[in-house]
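Have a look at target.csv below; it lists CSV, C-alpha atoms.
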chain,number,residue,atom,x,y,z
A,1,MET,CA,-24.1,-9.5,49.6
A,2,THR,CA,-20.9,-7.5,49.0
A,3,PHE,CA,-19.0,-8.1,45.8
A,4,GLN,CA,-15.5,-9.6,46.4
A,5,ILE,CA,-12.6,-10.7,44.2
A,6,ARG,CA,-10.9,-13.8,45.5
A,7,VAL,CA,-8.0,-15.9,44.3
A,8,ALA,CA,-7.4,-19.0,46.4
A,9,LYS,CA,-4.3,-21.0,46.7
A,10,ALA,CA,-4.1,-24.4,45.0
A,11,GLY,CA,-6.3,-26.9,46.9
A,12,LYS,CA,-8.4,-24.2,48.6
A,13,ASN,CA,-11.9,-23.1,47.8
A,14,ALA,CA,-12.3,-19.4,47.0
A,15,LEU,CA,-16.0,-19.5,47.5
A,16,THR,CA,-16.2,-21.2,50.9
A,17,SER,CA,-12.9,-20.6,52.7
A,18,THR,CA,-12.9,-18.2,55.6
A,19,ASP,CA,-9.1,-18.4,56.4
A,20,PRO,CA,-7.2,-15.3,55.0
A,21,ASN,CA,-4.1,-17.6,54.6
A,22,ASP,CA,-6.0,-19.6,52.0
A,23,PHE,CA,-5.9,-16.8,49.5
A,24,ILE,CA,-3.3,-15.4,47.1
A,25,PHE,CA,-5.6,-12.3,46.8
A,26,HIS,CA,-8.8,-11.3,48.5
A,27,SER,CA,-10.3,-7.9,47.9
A,28,ALA,CA,-11.8,-7.7,51.4
A,29,TYR,CA,-8.3,-7.7,53.0
A,30,ASN,CA,-6.0,-4.7,52.9
A,31,THR,CA,-3.2,-6.1,50.7
A,32,PHE,CA,-0.2,-4.4,49.2
A,33,LYS,CA,-0.6,-4.5,45.4
A,34,ILE,CA,2.8,-5.3,43.9
A,35,LEU,CA,3.3,-3.3,40.7
A,36,ALA,CA,6.8,-4.6,39.8
A,37,THR,CA,9.6,-6.6,41.3
A,38,GLY,CA,13.2,-7.1,40.3
A,39,THR,CA,16.6,-8.3,41.5
A,40,PHE,CA,20.1,-6.8,41.1
A,41,SER,CA,23.5,-7.4,42.5
A,42,PRO,CA,25.4,-4.2,43.0
A,43,THR,CA,29.1,-4.2,44.0
A,44,SER,CA,29.7,-2.2,47.1
A,45,ALA,CA,33.2,-0.8,47.4
A,46,SER,CA,35.2,-0.7,50.6
A,47,GLY,CA,33.8,2.1,52.8
A,48,GLY,CA,30.4,1.9,51.2
A,49,ASN,CA,28.5,3.6,48.4
A,50,SER,CA,25.1,4.1,46.9
A,51,HIS,CA,23.3,2.5,43.9
A,52,THR,CA,20.1,3.5,42.2
A,53,VAL,CA,17.3,1.7,40.4
A,54,ALA,CA,14.7,3.5,38.3
A,55,HIS,CA,11.2,2.5,39.6
A,56,GLY,CA,9.3,3.6,36.5
A,57,GLN,CA,6.2,4.8,38.4
A,58,SER,CA,4.4,8.1,38.0
A,59,PHE,CA,4.3,8.5,41.8
A,60,ILE,CA,6.5,7.8,44.7
A,61,PRO,CA,5.8,4.1,45.5
A,62,PHE,CA,6.2,2.1,48.6
A,63,VAL,CA,9.3,-0.2,48.2
A,64,PHE,CA,10.1,-3.3,50.2
A,65,THR,CA,13.6,-4.7,49.8
A,66,MET,CA,15.4,-7.8,51.0
A,67,ILE,CA,19.1,-8.5,50.8
A,68,LYS,CA,20.6,-11.9,50.4
A,69,PHE,CA,24.2,-12.5,51.4
A,70,ALA,CA,26.6,-15.1,50.0
A,71,ASP,CA,26.1,-17.4,53.0
A,72,GLY,CA,22.3,-17.6,52.2
A,73,ARG,CA,21.2,-15.3,55.0
A,74,VAL,CA,18.4,-12.8,54.1
A,75,SER,CA,17.7,-9.6,55.9
A,76,LEU,CA,16.0,-6.2,55.6
A,77,ALA,CA,17.5,-2.7,55.3
A,78,GLY,CA,19.2,-1.6,58.5
A,79,SER,CA,19.9,-5.2,59.5
A,80,HIS,CA,23.5,-6.4,59.9
A,81,SER,CA,25.3,-8.6,57.4
A,82,ALA,CA,25.9,-12.3,56.9
A,83,ALA,CA,27.5,-14.1,59.8
A,84,ALA,CA,30.8,-14.5,57.9
A,85,LEU,CA,31.1,-10.7,57.6
A,86,GLY,CA,30.3,-9.9,61.2
A,87,SER,CA,28.8,-6.4,61.3
A,88,SER,CA,31.1,-5.1,58.6
A,89,PHE,CA,28.6,-4.8,55.8
A,90,GLN,CA,25.1,-3.4,55.9
A,91,LEU,CA,22.3,-2.2,53.6
A,92,ALA,CA,22.1,1.0,55.6
A,93,SER,CA,19.1,2.7,53.9
A,94,VAL,CA,16.5,2.6,51.2
A,95,LYS,CA,15.2,5.9,49.9
A,96,VAL,CA,12.6,6.4,47.2
A,97,ASP,CA,12.0,9.6,45.3
A,98,ALA,CA,9.9,10.5,42.2
A,99,THR,CA,12.3,8.6,39.9
A,100,ASN,CA,14.6,6.2,41.7
A,101,ILE,CA,15.1,3.8,44.6
A,102,THR,CA,18.5,4.6,46.2
A,103,TYR,CA,20.3,1.9,48.2
A,104,THR,CA,23.1,3.0,50.5
A,105,PHE,CA,25.6,0.5,51.8
A,106,THR,CA,28.2,0.6,54.6
A,107,ASN,CA,31.1,-1.7,53.8
A,108,ASN,CA,33.9,-2.1,56.3
A,109,THR,CA,35.0,-5.5,55.0
A,110,GLY,CA,38.2,-4.1,53.5
A,111,GLY,CA,37.2,-5.0,50.0
A,112,ASN,CA,34.3,-5.1,47.5
A,113,TYR,CA,31.2,-7.1,48.4
A,114,THR,CA,28.4,-8.0,46.0
A,115,PRO,CA,25.1,-9.1,47.6
A,116,THR,CA,21.8,-9.8,45.8
A,117,LEU,CA,18.8,-7.6,46.4
A,118,ARG,CA,15.1,-8.3,45.6
A,119,TYR,CA,12.8,-5.3,45.6
A,120,TYR,CA,9.0,-5.1,45.4
A,121,ILE,CA,7.4,-1.8,44.1
A,122,CYS,CA,4.0,-1.5,45.6
A,123,GLU,CA,0.9,0.7,45.1
A,124,ILE,CA,0.5,3.1,48.0
A,125,PRO,CA,-2.7,2.1,49.9
A,126,LEU,CA,-2.8,5.6,51.6
A,127,ALA,CA,-4.8,8.3,49.9

Spell out the structure here as C-alpha coordinates.
Amino acid sequence: MTFQIRVAKAGKNALTSTDPNDFIFHSAYNTFKILATGTFSPTSASGGNSHTVAHGQSFIPFVFTMIKFADGRVSLAGSHSAAALGSSFQLASVKVDATNITYTFTNNTGGNYTPTLRYYICEIPLA
(Lines of atoms letter the chains of each structure in order from A and count residues from 1; the text may use other names and numbers.)
(Lines give C-alpha, C1' and ligand atoms only; values in the text may rest on other atoms or scores of the structure.)
Protein backbone atom coordinates (compact mmCIF):
# COMPACT_ATOMS: atom_id res chain seq x y z
CA MET A 1 0.00 0.00 0.00
CA THR A 2 1.30 3.44 -0.96
CA PHE A 3 1.11 6.19 1.64
CA GLN A 4 -1.16 9.09 0.62
CA ILE A 5 -2.32 12.32 2.18
CA ARG A 6 -5.97 13.08 1.44
CA VAL A 7 -8.25 15.95 2.44
CA ALA A 8 -11.82 15.41 1.31
CA LYS A 9 -14.51 18.01 0.73
CA ALA A 10 -17.30 18.24 3.30
CA GLY A 11 -19.62 15.25 2.95
CA LYS A 12 -17.06 13.14 1.06
CA ASN A 13 -15.11 10.19 2.48
CA ALA A 14 -11.32 10.61 2.17
CA LEU A 15 -10.76 6.89 2.73
CA THR A 16 -13.17 5.46 0.17
CA SER A 17 -13.74 8.06 -2.54
CA THR A 18 -12.15 7.44 -5.94
CA ASP A 19 -13.34 10.68 -7.61
CA PRO A 20 -10.55 13.31 -7.77
CA ASN A 21 -13.21 16.05 -7.56
CA ASP A 22 -14.14 14.89 -4.04
CA PHE A 23 -10.83 16.14 -2.65
CA ILE A 24 -9.46 19.49 -1.58
CA PHE A 25 -6.01 17.90 -1.64
CA HIS A 26 -4.79 14.44 -2.62
CA SER A 27 -1.06 13.66 -2.71
CA ALA A 28 -1.48 11.15 -5.56
CA TYR A 29 -2.58 13.93 -7.94
CA ASN A 30 -0.29 16.58 -9.37
CA THR A 31 -1.66 19.70 -7.74
CA PHE A 32 -0.28 23.22 -7.63
CA LYS A 33 0.63 24.05 -4.06
CA ILE A 34 -0.52 27.61 -3.32
CA LEU A 35 2.06 29.34 -1.13
CA ALA A 36 0.36 32.74 -0.91
CA THR A 37 -2.55 34.66 -2.36
CA GLY A 38 -3.59 38.27 -2.36
CA THR A 39 -5.68 40.95 -3.98
CA PHE A 40 -4.93 44.48 -5.02
CA SER A 41 -6.62 47.21 -7.02
CA PRO A 42 -4.10 49.24 -9.01
CA THR A 43 -5.14 52.34 -10.90
CA SER A 44 -4.16 52.21 -14.53
CA ALA A 45 -3.66 55.61 -16.14
CA SER A 46 -4.82 56.42 -19.64
CA GLY A 47 -2.41 54.83 -22.10
CA GLY A 48 -1.46 52.07 -19.66
CA ASN A 49 1.25 51.43 -17.14
CA SER A 50 2.79 48.74 -14.93
CA HIS A 51 2.40 47.83 -11.25
CA THR A 52 4.54 45.48 -9.16
CA VAL A 53 3.82 43.27 -6.17
CA ALA A 54 6.63 41.69 -4.13
CA HIS A 55 6.09 37.90 -4.02
CA GLY A 56 8.36 37.23 -1.03
CA GLN A 57 9.69 33.87 -2.26
CA SER A 58 13.33 32.75 -2.41
CA PHE A 59 12.81 31.46 -5.96
CA ILE A 60 10.88 32.57 -9.06
CA PRO A 61 7.39 31.14 -8.46
CA PHE A 62 4.57 30.25 -10.83
CA VAL A 63 1.88 32.95 -10.56
CA PHE A 64 -1.74 32.66 -11.66
CA THR A 65 -3.75 35.91 -11.83
CA MET A 66 -7.38 36.75 -12.48
CA ILE A 67 -8.70 40.26 -13.06
CA LYS A 68 -12.20 41.37 -12.05
CA PHE A 69 -13.83 44.32 -13.76
CA ALA A 70 -16.44 46.69 -12.35
CA ASP A 71 -19.22 44.92 -14.31
CA GLY A 72 -18.37 41.65 -12.50
CA ARG A 73 -16.66 39.94 -15.44
CA VAL A 74 -13.49 38.00 -14.62
CA SER A 75 -10.73 37.16 -17.09
CA LEU A 76 -7.08 36.14 -17.34
CA ALA A 77 -4.05 38.11 -18.49
CA GLY A 78 -4.22 38.79 -22.22
CA SER A 79 -8.01 38.62 -22.28
CA HIS A 80 -9.98 41.71 -23.18
CA SER A 81 -11.80 43.91 -20.74
CA ALA A 82 -15.30 44.16 -19.38
CA ALA A 83 -18.12 44.55 -21.91
CA ALA A 84 -18.68 48.18 -20.93
CA LEU A 85 -15.08 49.03 -21.85
CA GLY A 86 -15.09 47.28 -25.22
CA SER A 87 -11.51 46.25 -25.93
CA SER A 88 -10.09 49.49 -24.51
CA PHE A 89 -8.59 48.01 -21.33
CA GLN A 90 -6.49 44.90 -20.94
CA LEU A 91 -4.20 43.18 -18.45
CA ALA A 92 -1.60 42.77 -21.17
CA SER A 93 1.05 40.74 -19.35
CA VAL A 94 2.17 39.20 -16.09
CA LYS A 95 5.91 38.77 -15.58
CA VAL A 96 7.65 37.24 -12.57
CA ASP A 97 11.27 37.71 -11.58
CA ALA A 98 13.28 36.85 -8.46
CA THR A 99 11.58 39.59 -6.42
CA ASN A 100 8.36 40.87 -8.01
CA ILE A 101 5.27 40.14 -10.03
CA THR A 102 4.87 42.87 -12.66
CA TYR A 103 1.46 43.55 -14.17
CA THR A 104 1.32 45.59 -17.39
CA PHE A 105 -1.94 47.19 -18.51
CA THR A 106 -3.04 48.80 -21.76
CA ASN A 107 -5.64 51.45 -21.15
CA ASN A 108 -7.26 53.25 -24.06
CA THR A 109 -10.41 54.23 -22.18
CA GLY A 110 -9.41 57.90 -22.10
CA GLY A 111 -9.19 57.95 -18.29
CA ASN A 112 -8.04 56.05 -15.24
CA TYR A 113 -9.42 52.57 -14.56
CA THR A 114 -9.11 50.54 -11.35
CA PRO A 115 -9.80 46.79 -11.63
CA THR A 116 -9.32 44.23 -8.85
CA LEU A 117 -6.72 41.50 -9.27
CA ARG A 118 -6.39 38.24 -7.32
CA TYR A 119 -3.09 36.41 -7.59
CA TYR A 120 -1.98 32.96 -6.46
CA ILE A 121 1.73 32.34 -5.86
CA CYS A 122 2.46 28.65 -6.37
CA GLU A 123 5.30 26.26 -5.77
CA ILE A 124 6.89 25.17 -9.01
CA PRO A 125 6.24 21.46 -9.62
CA LEU A 126 9.09 21.30 -12.14
CA ALA A 127 12.50 20.28 -10.90

Please identify all polymer residues within 8 Å of segment 60-73 of chain A, counting only C-alpha atoms, omitting same-chain residues fewer than 6 positions from it, and present them as a PDB file with C-alpha atoms, in the coordinates of the input.
ATOM      1  CA  SER A  81      25.300  -8.600  57.400  1.00  0.00           C
ATOM      2  CA  ALA A  82      25.900 -12.300  56.900  1.00  0.00           C
ATOM      3  CA  ALA A  83      27.500 -14.100  59.800  1.00  0.00           C
ATOM      4  CA  ALA A  84      30.800 -14.500  57.900  1.00  0.00           C
ATOM      5  CA  LEU A  91      22.300  -2.200  53.600  1.00  0.00           C
ATOM      6  CA  VAL A  94      16.500   2.600  51.200  1.00  0.00           C
ATOM      7  CA  VAL A  96      12.600   6.400  47.200  1.00  0.00           C
ATOM      8  CA  ASP A  97      12.000   9.600  45.300  1.00  0.00           C
ATOM      9  CA  ALA A  98       9.900  10.500  42.200  1.00  0.00           C
ATOM     10  CA  THR A  99      12.300   8.600  39.900  1.00  0.00           C
ATOM     11  CA  ILE A 101      15.100   3.800  44.600  1.00  0.00           C
ATOM     12  CA  PRO A 115      25.100  -9.100  47.600  1.00  0.00           C
ATOM     13  CA  THR A 116      21.800  -9.800  45.800  1.00  0.00           C
ATOM     14  CA  LEU A 117      18.800  -7.600  46.400  1.00  0.00           C
ATOM     15  CA  ARG A 118      15.100  -8.300  45.600  1.00  0.00           C
ATOM     16  CA  TYR A 119      12.800  -5.300  45.600  1.00  0.00           C
ATOM     17  CA  TYR A 120       9.000  -5.100  45.400  1.00  0.00           C
ATOM     18  CA  ILE A 121       7.400  -1.800  44.100  1.00  0.00           C
ATOM     19  CA  CYS A 122       4.000  -1.500  45.600  1.00  0.00           C
ATOM     20  CA  GLU A 123       0.900   0.700  45.100  1.00  0.00           C
ATOM     21  CA  ILE A 124       0.500   3.100  48.000  1.00  0.00           C
TER      22      ILE A 124
END

Please provide as a list of chain:residue names all residues within 9 Å of Thr102 of chain A, with the sequence filter that same-chain residues fewer than 4 positions apart are discarded (counting all atoms listed in the file). A:Ser50, A:His51, A:Thr52, A:Val53, A:Ala54, A:Ser93, A:Val94, A:Lys95, A:Val96, A:Asp97

12 Å contact set for Asn49 of chain A, only C-alpha atoms, chain neighbours under 6 positions out, as a ChimeraX atom specification: /A:42-43,89-93,102-108,112-114

Between atom CA of His26 of chain A and atom CA of Arg6 of chain A, distance in Å (one decimal):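 It comes out at 4.4 Å.
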
Hey, which of A:Gln57, A:Thr2, A:Ala10, A:Leu76 ends up closest to Ile34 of chain A? Count only C-alpha atoms. A:Gln57

Distance in Å - atom CA of Ala28 of chain A versus atom CA of His55 of chain A: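 Separation between atom CA of Ala28 of chain A and atom CA of His55 of chain A: 27.8 Å.
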
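Rounded to one decimal, atom CA of Asn30 of chain A and atom CA of Ser17 of chain A lie 17.3 Å from each other.
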